[in-house]
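Next comes protein_30.pdb, with PDB, C-alpha atoms.
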ATOM      1  CA  MET A 133     -42.049  17.678 -47.779
ATOM      2  CA  GLY A 134     -39.168  16.579 -49.996
ATOM      3  CA  VAL A 135     -36.453  18.721 -51.440
ATOM      4  CA  ARG A 136     -36.836  20.744 -54.572
ATOM      5  CA  SER A 137     -33.660  20.407 -56.597
ATOM      6  CA  LEU A 138     -33.964  23.762 -58.331
ATOM      7  CA  PHE A 139     -33.833  27.080 -56.514
ATOM      8  CA  SER A 140     -34.789  30.337 -58.132
ATOM      9  CA  CYS A 141     -31.814  32.473 -59.093
ATOM     10  CA  GLY A 142     -33.423  35.471 -57.413
ATOM     11  CA  ALA A 143     -33.703  33.708 -54.067
ATOM     12  CA  ILE A 144     -30.171  32.314 -54.250
ATOM     13  CA  GLY A 145     -28.732  35.656 -55.379
ATOM     14  CA  THR A 146     -30.509  37.513 -52.612
ATOM     15  CA  PHE A 147     -29.399  34.930 -50.076
ATOM     16  CA  LEU A 148     -25.767  35.128 -51.216
ATOM     17  CA  LEU A 149     -25.855  38.924 -51.082
ATOM     18  CA  LEU A 150     -27.294  38.765 -47.575
ATOM     19  CA  LEU A 151     -24.732  36.145 -46.616
ATOM     20  CA  PHE A 152     -21.787  38.272 -47.787
ATOM     21  CA  CYS A 153     -23.229  41.366 -46.095
ATOM     22  CA  SER A 154     -23.664  39.403 -42.877
ATOM     23  CA  PHE A 155     -20.092  38.150 -42.882
ATOM     24  CA  PRO A 156     -17.810  41.136 -43.417
ATOM     25  CA  PHE A 157     -14.758  38.940 -42.902
ATOM     26  CA  LEU A 158     -15.568  37.085 -46.129
ATOM     27  CA  SER A 159     -14.325  38.532 -49.369
ATOM     28  CA  LEU A 160     -14.560  37.485 -52.943
ATOM     29  CA  SER A 161     -10.823  37.897 -53.445
ATOM     30  CA  ASP A 162      -7.940  38.125 -51.027
ATOM     31  CA  SER A 163      -4.966  40.396 -51.455
ATOM     32  CA  ALA A 164      -1.917  38.619 -52.817
ATOM     33  CA  HIS A 165       0.020  40.062 -49.888
ATOM     34  CA  GLU A 166      -2.239  38.631 -47.190
ATOM     35  CA  ASN A 167      -0.217  36.290 -45.000
ATOM     36  CA  SER A 168      -1.150  32.651 -44.447
ATOM     37  CA  THR A 169      -1.868  33.196 -40.722
ATOM     38  CA  LYS A 170      -4.621  35.642 -41.574
ATOM     39  CA  LEU A 171      -6.063  33.226 -44.145
ATOM     40  CA  LEU A 172      -6.008  30.390 -41.623
ATOM     41  CA  SER A 173      -7.804  32.482 -38.995
ATOM     42  CA  ARG A 174     -10.486  33.387 -41.542
ATOM     43  CA  ARG A 175     -11.021  29.724 -42.377
ATOM     44  CA  LEU A 176     -11.281  28.804 -38.704
ATOM     45  CA  LEU A 177     -13.696  31.659 -38.039
ATOM     46  CA  ALA A 178     -15.896  30.480 -40.916
ATOM     47  CA  THR A 179     -16.344  27.073 -39.264
ATOM     48  CA  THR A 180     -17.208  28.155 -35.715
ATOM     49  CA  PRO A 181     -20.557  27.306 -34.135
ATOM     50  CA  ARG A 182     -21.393  31.042 -34.232
ATOM     51  CA  ASN A 183     -21.090  30.931 -37.997
ATOM     52  CA  MET A 184     -23.371  27.872 -38.117
ATOM     53  CA  VAL A 185     -25.986  29.716 -36.049
ATOM     54  CA  LYS A 186     -25.846  32.597 -38.541
ATOM     55  CA  GLN A 187     -26.369  30.148 -41.401
ATOM     56  CA  TYR A 188     -29.758  29.367 -39.865
ATOM     57  CA  LEU A 189     -30.687  32.821 -38.556
ATOM     58  CA  VAL A 190     -29.791  34.968 -41.571
ATOM     59  CA  PRO A 191     -32.180  33.308 -44.072
ATOM     60  CA  HIS A 192     -34.951  32.970 -41.466
ATOM     61  CA  ASN A 193     -34.705  36.629 -40.522
ATOM     62  CA  PHE A 194     -34.416  37.720 -44.140
ATOM     63  CA  GLU A 195     -37.891  36.264 -44.787
ATOM     64  CA  ARG A 196     -39.254  37.840 -41.601
ATOM     65  CA  ALA A 197     -37.749  41.246 -42.447
ATOM     66  CA  LYS A 198     -39.611  41.264 -45.781
ATOM     67  CA  LEU A 199     -42.816  41.364 -43.710
ATOM     68  CA  GLY A 200     -41.571  43.780 -41.056
ATOM     69  CA  LEU A 201     -41.506  41.016 -38.429
ATOM     70  CA  PRO A 202     -39.041  40.961 -35.531
ATOM     71  CA  PRO A 203     -36.013  38.719 -36.038
ATOM     72  CA  LEU A 204     -35.863  35.282 -34.482
ATOM     73  CA  ARG A 205     -33.224  34.794 -31.797
ATOM     74  CA  TRP A 206     -31.165  31.632 -31.359
ATOM     75  CA  ASN A 207     -32.219  29.462 -28.432
ATOM     76  CA  LYS A 208     -29.729  26.878 -27.146
ATOM     77  CA  LYS A 209     -32.474  24.829 -25.464
ATOM     78  CA  LEU A 210     -34.287  24.538 -28.816
ATOM     79  CA  ALA A 211     -31.011  23.753 -30.600
ATOM     80  CA  ASP A 212     -30.303  20.993 -28.072
ATOM     81  CA  PHE A 213     -33.811  19.604 -28.587
ATOM     82  CA  ALA A 214     -33.372  19.763 -32.378
ATOM     83  CA  SER A 215     -30.006  18.032 -32.091
ATOM     84  CA  SER A 216     -31.493  15.249 -29.980
ATOM     85  CA  TRP A 217     -34.320  14.695 -32.483
ATOM     86  CA  ALA A 218     -31.953  14.842 -35.466
ATOM     87  CA  ARG A 219     -29.742  12.166 -33.897
ATOM     88  CA  GLN A 220     -32.838   9.969 -33.436
ATOM     89  CA  ARG A 221     -33.554  10.321 -37.163
ATOM     90  CA  GLN A 222     -29.944   9.638 -38.166
ATOM     91  CA  GLU A 223     -30.589   5.942 -38.849
ATOM     92  CA  ASP A 224     -33.440   6.456 -41.322
ATOM     93  CA  CYS A 225     -33.484  10.198 -42.198
ATOM     94  CA  ALA A 226     -37.288   9.944 -42.103
ATOM     95  CA  LEU A 227     -39.348  13.142 -42.113
ATOM     96  CA  ILE A 228     -41.128  12.288 -38.885
ATOM     97  CA  HIS A 229     -42.073  15.101 -36.510
ATOM     98  CA  SER A 230     -41.065  14.973 -32.852
ATOM     99  CA  ASN A 231     -44.600  15.815 -31.663
ATOM    100  CA  SER A 232     -43.294  18.328 -29.138
ATOM    101  CA  ASP A 233     -44.973  21.585 -28.207
ATOM    102  CA  TYR A 234     -42.475  23.451 -30.401
ATOM    103  CA  GLY A 235     -43.048  24.453 -33.983
ATOM    104  CA  GLU A 236     -40.942  22.266 -36.241
ATOM    105  CA  ASN A 237     -39.685  22.308 -39.814
ATOM    106  CA  LEU A 238     -37.964  19.238 -41.240
ATOM    107  CA  PHE A 239     -35.721  18.910 -44.290
ATOM    108  CA  TRP A 240     -34.260  15.912 -46.067
ATOM    109  CA  GLY A 241     -31.753  16.176 -48.887
ATOM    110  CA  SER A 242     -30.101  13.467 -50.948
ATOM    111  CA  GLY A 243     -26.367  13.496 -50.281
ATOM    112  CA  LYS A 244     -24.252  15.167 -47.633
ATOM    113  CA  ASP A 245     -23.642  18.638 -49.076
ATOM    114  CA  TRP A 246     -26.842  20.358 -47.926
ATOM    115  CA  LYS A 247     -26.339  23.469 -45.795
ATOM    116  CA  PRO A 248     -28.674  25.201 -43.302
ATOM    117  CA  GLY A 249     -29.496  27.908 -45.846
ATOM    118  CA  ASP A 250     -30.628  25.273 -48.345
ATOM    119  CA  ALA A 251     -33.220  23.976 -45.884
ATOM    120  CA  VAL A 252     -34.514  27.445 -45.022
ATOM    121  CA  ALA A 253     -34.633  28.423 -48.719
ATOM    122  CA  THR A 254     -36.675  25.294 -49.491
ATOM    123  CA  TRP A 255     -39.151  26.129 -46.731
ATOM    124  CA  ALA A 256     -39.322  29.784 -47.811
ATOM    125  CA  GLU A 257     -40.119  28.773 -51.409
ATOM    126  CA  GLU A 258     -43.520  27.650 -50.132
ATOM    127  CA  LYS A 259     -44.473  31.330 -49.871
ATOM    128  CA  GLY A 260     -45.883  31.062 -53.379
ATOM    129  CA  TYR A 261     -48.410  28.509 -52.159
ATOM    130  CA  TYR A 262     -49.700  30.600 -49.260
ATOM    131  CA  ASN A 263     -52.786  32.814 -49.706
ATOM    132  CA  TYR A 264     -52.884  35.413 -46.933
ATOM    133  CA  ARG A 265     -56.468  36.479 -47.716
ATOM    134  CA  THR A 266     -57.856  32.959 -47.248
ATOM    135  CA  ASN A 267     -55.089  31.893 -44.825
ATOM    136  CA  LYS A 268     -54.737  28.625 -46.732
ATOM    137  CA  CYS A 269     -52.227  26.743 -48.828
ATOM    138  CA  ALA A 270     -52.915  26.209 -52.524
ATOM    139  CA  GLN A 271     -54.716  22.944 -53.219
ATOM    140  CA  ASN A 272     -52.381  19.940 -52.914
ATOM    141  CA  LYS A 273     -49.449  22.181 -51.926
ATOM    142  CA  ASP A 274     -47.621  22.663 -48.651
ATOM    143  CA  CYS A 275     -46.997  26.099 -47.186
ATOM    144  CA  LEU A 276     -46.833  25.412 -43.452
ATOM    145  CA  HIS A 277     -43.023  25.443 -43.358
ATOM    146  CA  TYR A 278     -43.126  28.997 -44.716
ATOM    147  CA  THR A 279     -45.854  30.126 -42.329
ATOM    148  CA  GLN A 280     -43.851  28.739 -39.395
ATOM    149  CA  ILE A 281     -40.806  30.766 -40.476
ATOM    150  CA  VAL A 282     -42.873  33.978 -40.551
ATOM    151  CA  TRP A 283     -45.148  33.257 -37.579
ATOM    152  CA  ARG A 284     -45.254  36.599 -35.752
ATOM    153  CA  GLU A 285     -45.528  35.072 -32.271
ATOM    154  CA  SER A 286     -42.516  32.780 -32.733
ATOM    155  CA  LEU A 287     -39.550  34.522 -31.096
ATOM    156  CA  THR A 288     -36.775  31.937 -30.924
ATOM    157  CA  VAL A 289     -35.398  29.108 -33.032
ATOM    158  CA  GLY A 290     -32.912  26.290 -32.607
ATOM    159  CA  CYS A 291     -31.783  23.942 -35.363
ATOM    160  CA  ALA A 292     -29.584  20.934 -36.031
ATOM    161  CA  ARG A 293     -28.178  19.039 -38.995
ATOM    162  CA  VAL A 294     -27.012  15.428 -39.226
ATOM    163  CA  SER A 295     -25.661  13.176 -41.924
ATOM    164  CA  CYS A 296     -27.732  10.032 -41.969
ATOM    165  CA  ARG A 297     -26.442   6.479 -42.215
ATOM    166  CA  SER A 298     -27.581   6.534 -45.864
ATOM    167  CA  GLY A 299     -25.289   9.497 -46.563
ATOM    168  CA  ASP A 300     -28.229  11.886 -46.888
ATOM    169  CA  THR A 301     -28.851  15.056 -44.864
ATOM    170  CA  PHE A 302     -31.510  15.697 -42.218
ATOM    171  CA  ILE A 303     -32.091  19.219 -40.864
ATOM    172  CA  THR A 304     -34.618  20.247 -38.257
ATOM    173  CA  CYS A 305     -35.528  23.638 -36.803
ATOM    174  CA  ASN A 306     -37.720  24.136 -33.744
ATOM    175  CA  TYR A 307     -39.593  27.354 -32.947
ATOM    176  CA  ASP A 308     -40.974  28.787 -29.725
ATOM    177  CA  PRO A 309     -43.741  29.641 -29.306
ATOM    178  CA  HIS A 310     -44.967  27.320 -32.032
ATOM    179  CA  GLY A 311     -46.834  28.668 -35.047
ATOM    180  CA  ASN A 312     -49.475  27.325 -37.391
ATOM    181  CA  VAL A 313     -52.305  27.722 -34.913
ATOM    182  CA  ILE A 314     -55.538  26.755 -36.661
ATOM    183  CA  GLY A 315     -57.692  29.776 -37.468
ATOM    184  CA  GLN A 316     -54.896  32.317 -36.939
ATOM    185  CA  LYS A 317     -52.884  34.130 -39.590
ATOM    186  CA  PRO A 318     -49.104  34.014 -39.323
ATOM    187  CA  PHE A 319     -48.592  37.779 -39.470
TER     188      PHE A 319
END
Can you present the structure in this file as structure tokens?
Amino acid sequence: MGVRSLFSCGAIGTFLLLLFCSFPFLSLSDSAHENSTKLLSRRLLATTPRNMVKQYLVPHNFERAKLGLPPLRWNKKLADFASSWARQRQEDCALIHSNSDYGENLFWGSGKDWKPGDAVATWAEEKGYYNYRTNKCAQNKDCLHYTQIVWRESLTVGCARVSCRSGDTFITCNYDPHGNVIGQKPF
């Protein structure tokens, strides 16, 4: 359940391309004639809660789109639940599940610079360990974070991120309806 420190270039490149396509107000270079007011408004827009929601939804829905699955929608109730649980884990940053009736993916990263997309990318990397034919994870590997992301019946998601007392990062996403039902395939 820990963090992998290396991400594949293909996944990161695809994510960045999707990120730039999803945020038309972002550009790789600004005109030299652009005034400072416009630059300031862009910076403020990039830090709004709406932008944070997109940082969770875009990578989730990118994985779902690969399989022709409907996109997840943001759910404030789930986000509030995730925020409450994340705050409870702020002291120790422990990967302990809330034991709710929601699906739940947890992420821990050393240091404070981890972003929502990093957590989702880590969970999505487990795709390589999932065997659709047998509906099982590879021996001694985890794939249930990935299968929760692409669980067909899951329709909404809400997530939260906290910096722990240790300076590390804890991210949690909750899904409704929950996935990973024993004996069922995710899609």
Hey, what's within 6 Å of region 248-256 of chain A if we count only C-alpha atoms and toss same-chain stuff fewer than 4 positions away? As a ChimeraX atom specification, please?
-> /A:187-188,239,277-278
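When all atoms listed in the file are used to compute distances to Asn237 (chain A), the closest of the residues A:Thr301, A:Thr279, A:Asn193, A:Ser216 turns out to be A:Thr279.
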Using all atoms listed in the file, determine which residues lie at most 12 Å from Lys273 (chain A), disregarding the query and same-chain residues fewer than 2 positions distant; provide the list as a tab-separated table (two decimals) with C-alpha atoms, in the coordinates of the input.
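Okay, result_34.tsv is ready:
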chain	number	residue	atom	x	y	z
A	133	MET	CA	-42.05	17.68	-47.78
A	134	GLY	CA	-39.17	16.58	-50.00
A	257	GLU	CA	-40.12	28.77	-51.41
A	258	GLU	CA	-43.52	27.65	-50.13
A	259	LYS	CA	-44.47	31.33	-49.87
A	260	GLY	CA	-45.88	31.06	-53.38
A	261	TYR	CA	-48.41	28.51	-52.16
A	262	TYR	CA	-49.70	30.60	-49.26
A	263	ASN	CA	-52.79	32.81	-49.71
A	268	LYS	CA	-54.74	28.62	-46.73
A	269	CYS	CA	-52.23	26.74	-48.83
A	270	ALA	CA	-52.92	26.21	-52.52
A	271	GLN	CA	-54.72	22.94	-53.22
A	275	CYS	CA	-47.00	26.10	-47.19
A	276	LEU	CA	-46.83	25.41	-43.45
A	277	HIS	CA	-43.02	25.44	-43.36
A	278	TYR	CA	-43.13	29.00	-44.72
If you apply the PyMOL selection byres ((chain A and resi 192) around 8) to this file, what residues do you get, as a list in words?
-> Tyr188, Leu189, Val190, Pro191, Asn193, Phe194, Glu195, Arg196, Pro203, Leu204, Val252 and Ile281 of chain A
Report the distance between CA of Arg205 (chain A) and CA of Pro309 (chain A) in Å, rounded to one decimal place.
-> 12.0 Å
Could you tell me which residues the PyMOL selection byres ((chain A and resi 293) around 8) returns for this structure, as a count of residues only?
-> 11
To one decimal place, how far is CA of Gln316 (chain A) from CA of Asp212 (chain A) in Å?
->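 Separation between CA of Gln316 (chain A) and CA of Asp212 (chain A): 28.5 Å.
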State, in Å with one decimal place, the distance from CA of Asn312 (chain A) to CA of Thr288 (chain A).
-> 15.0 Å
Check the smallest atom-to-atom distance from each of A:Val289, A:Val282, A:Ala197, A:Ala226 to Tyr264 (chain A) using only C-alpha atoms, then report the winner.
->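 Using only C-alpha atoms, Tyr264 (chain A) sits closest to A:Val282.
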Could you state which residues are captured by the PyMOL selection byres ((chain A and resi 224) around 12) in this file, as a list in words?
-> Ala218, Arg219, Gln220, Arg221, Gln222, Glu223, Cys225, Ala226, Leu227, Ile228, Trp240, Val294, Ser295, Cys296, Arg297, Ser298, Gly299, Asp300, Thr301 and Phe302 of chain A
Could you write out as AutoDock Vina command-line options the box around region 280-295 of chain A (axis-aligned, all atoms listed in the file, 5 Å on each side), with centre and edge lengths in Å to one decimal?
--center_x -35.6 --center_y 24.9 --center_z -36.4 --size_x 29.9 --size_y 33.4 --size_z 21.0
One residue among A:Val185, A:Val313, A:Leu238, A:Cys305 is nearest to Phe213 (chain A) when using all atoms listed in the file, and that residue is A:Cys305
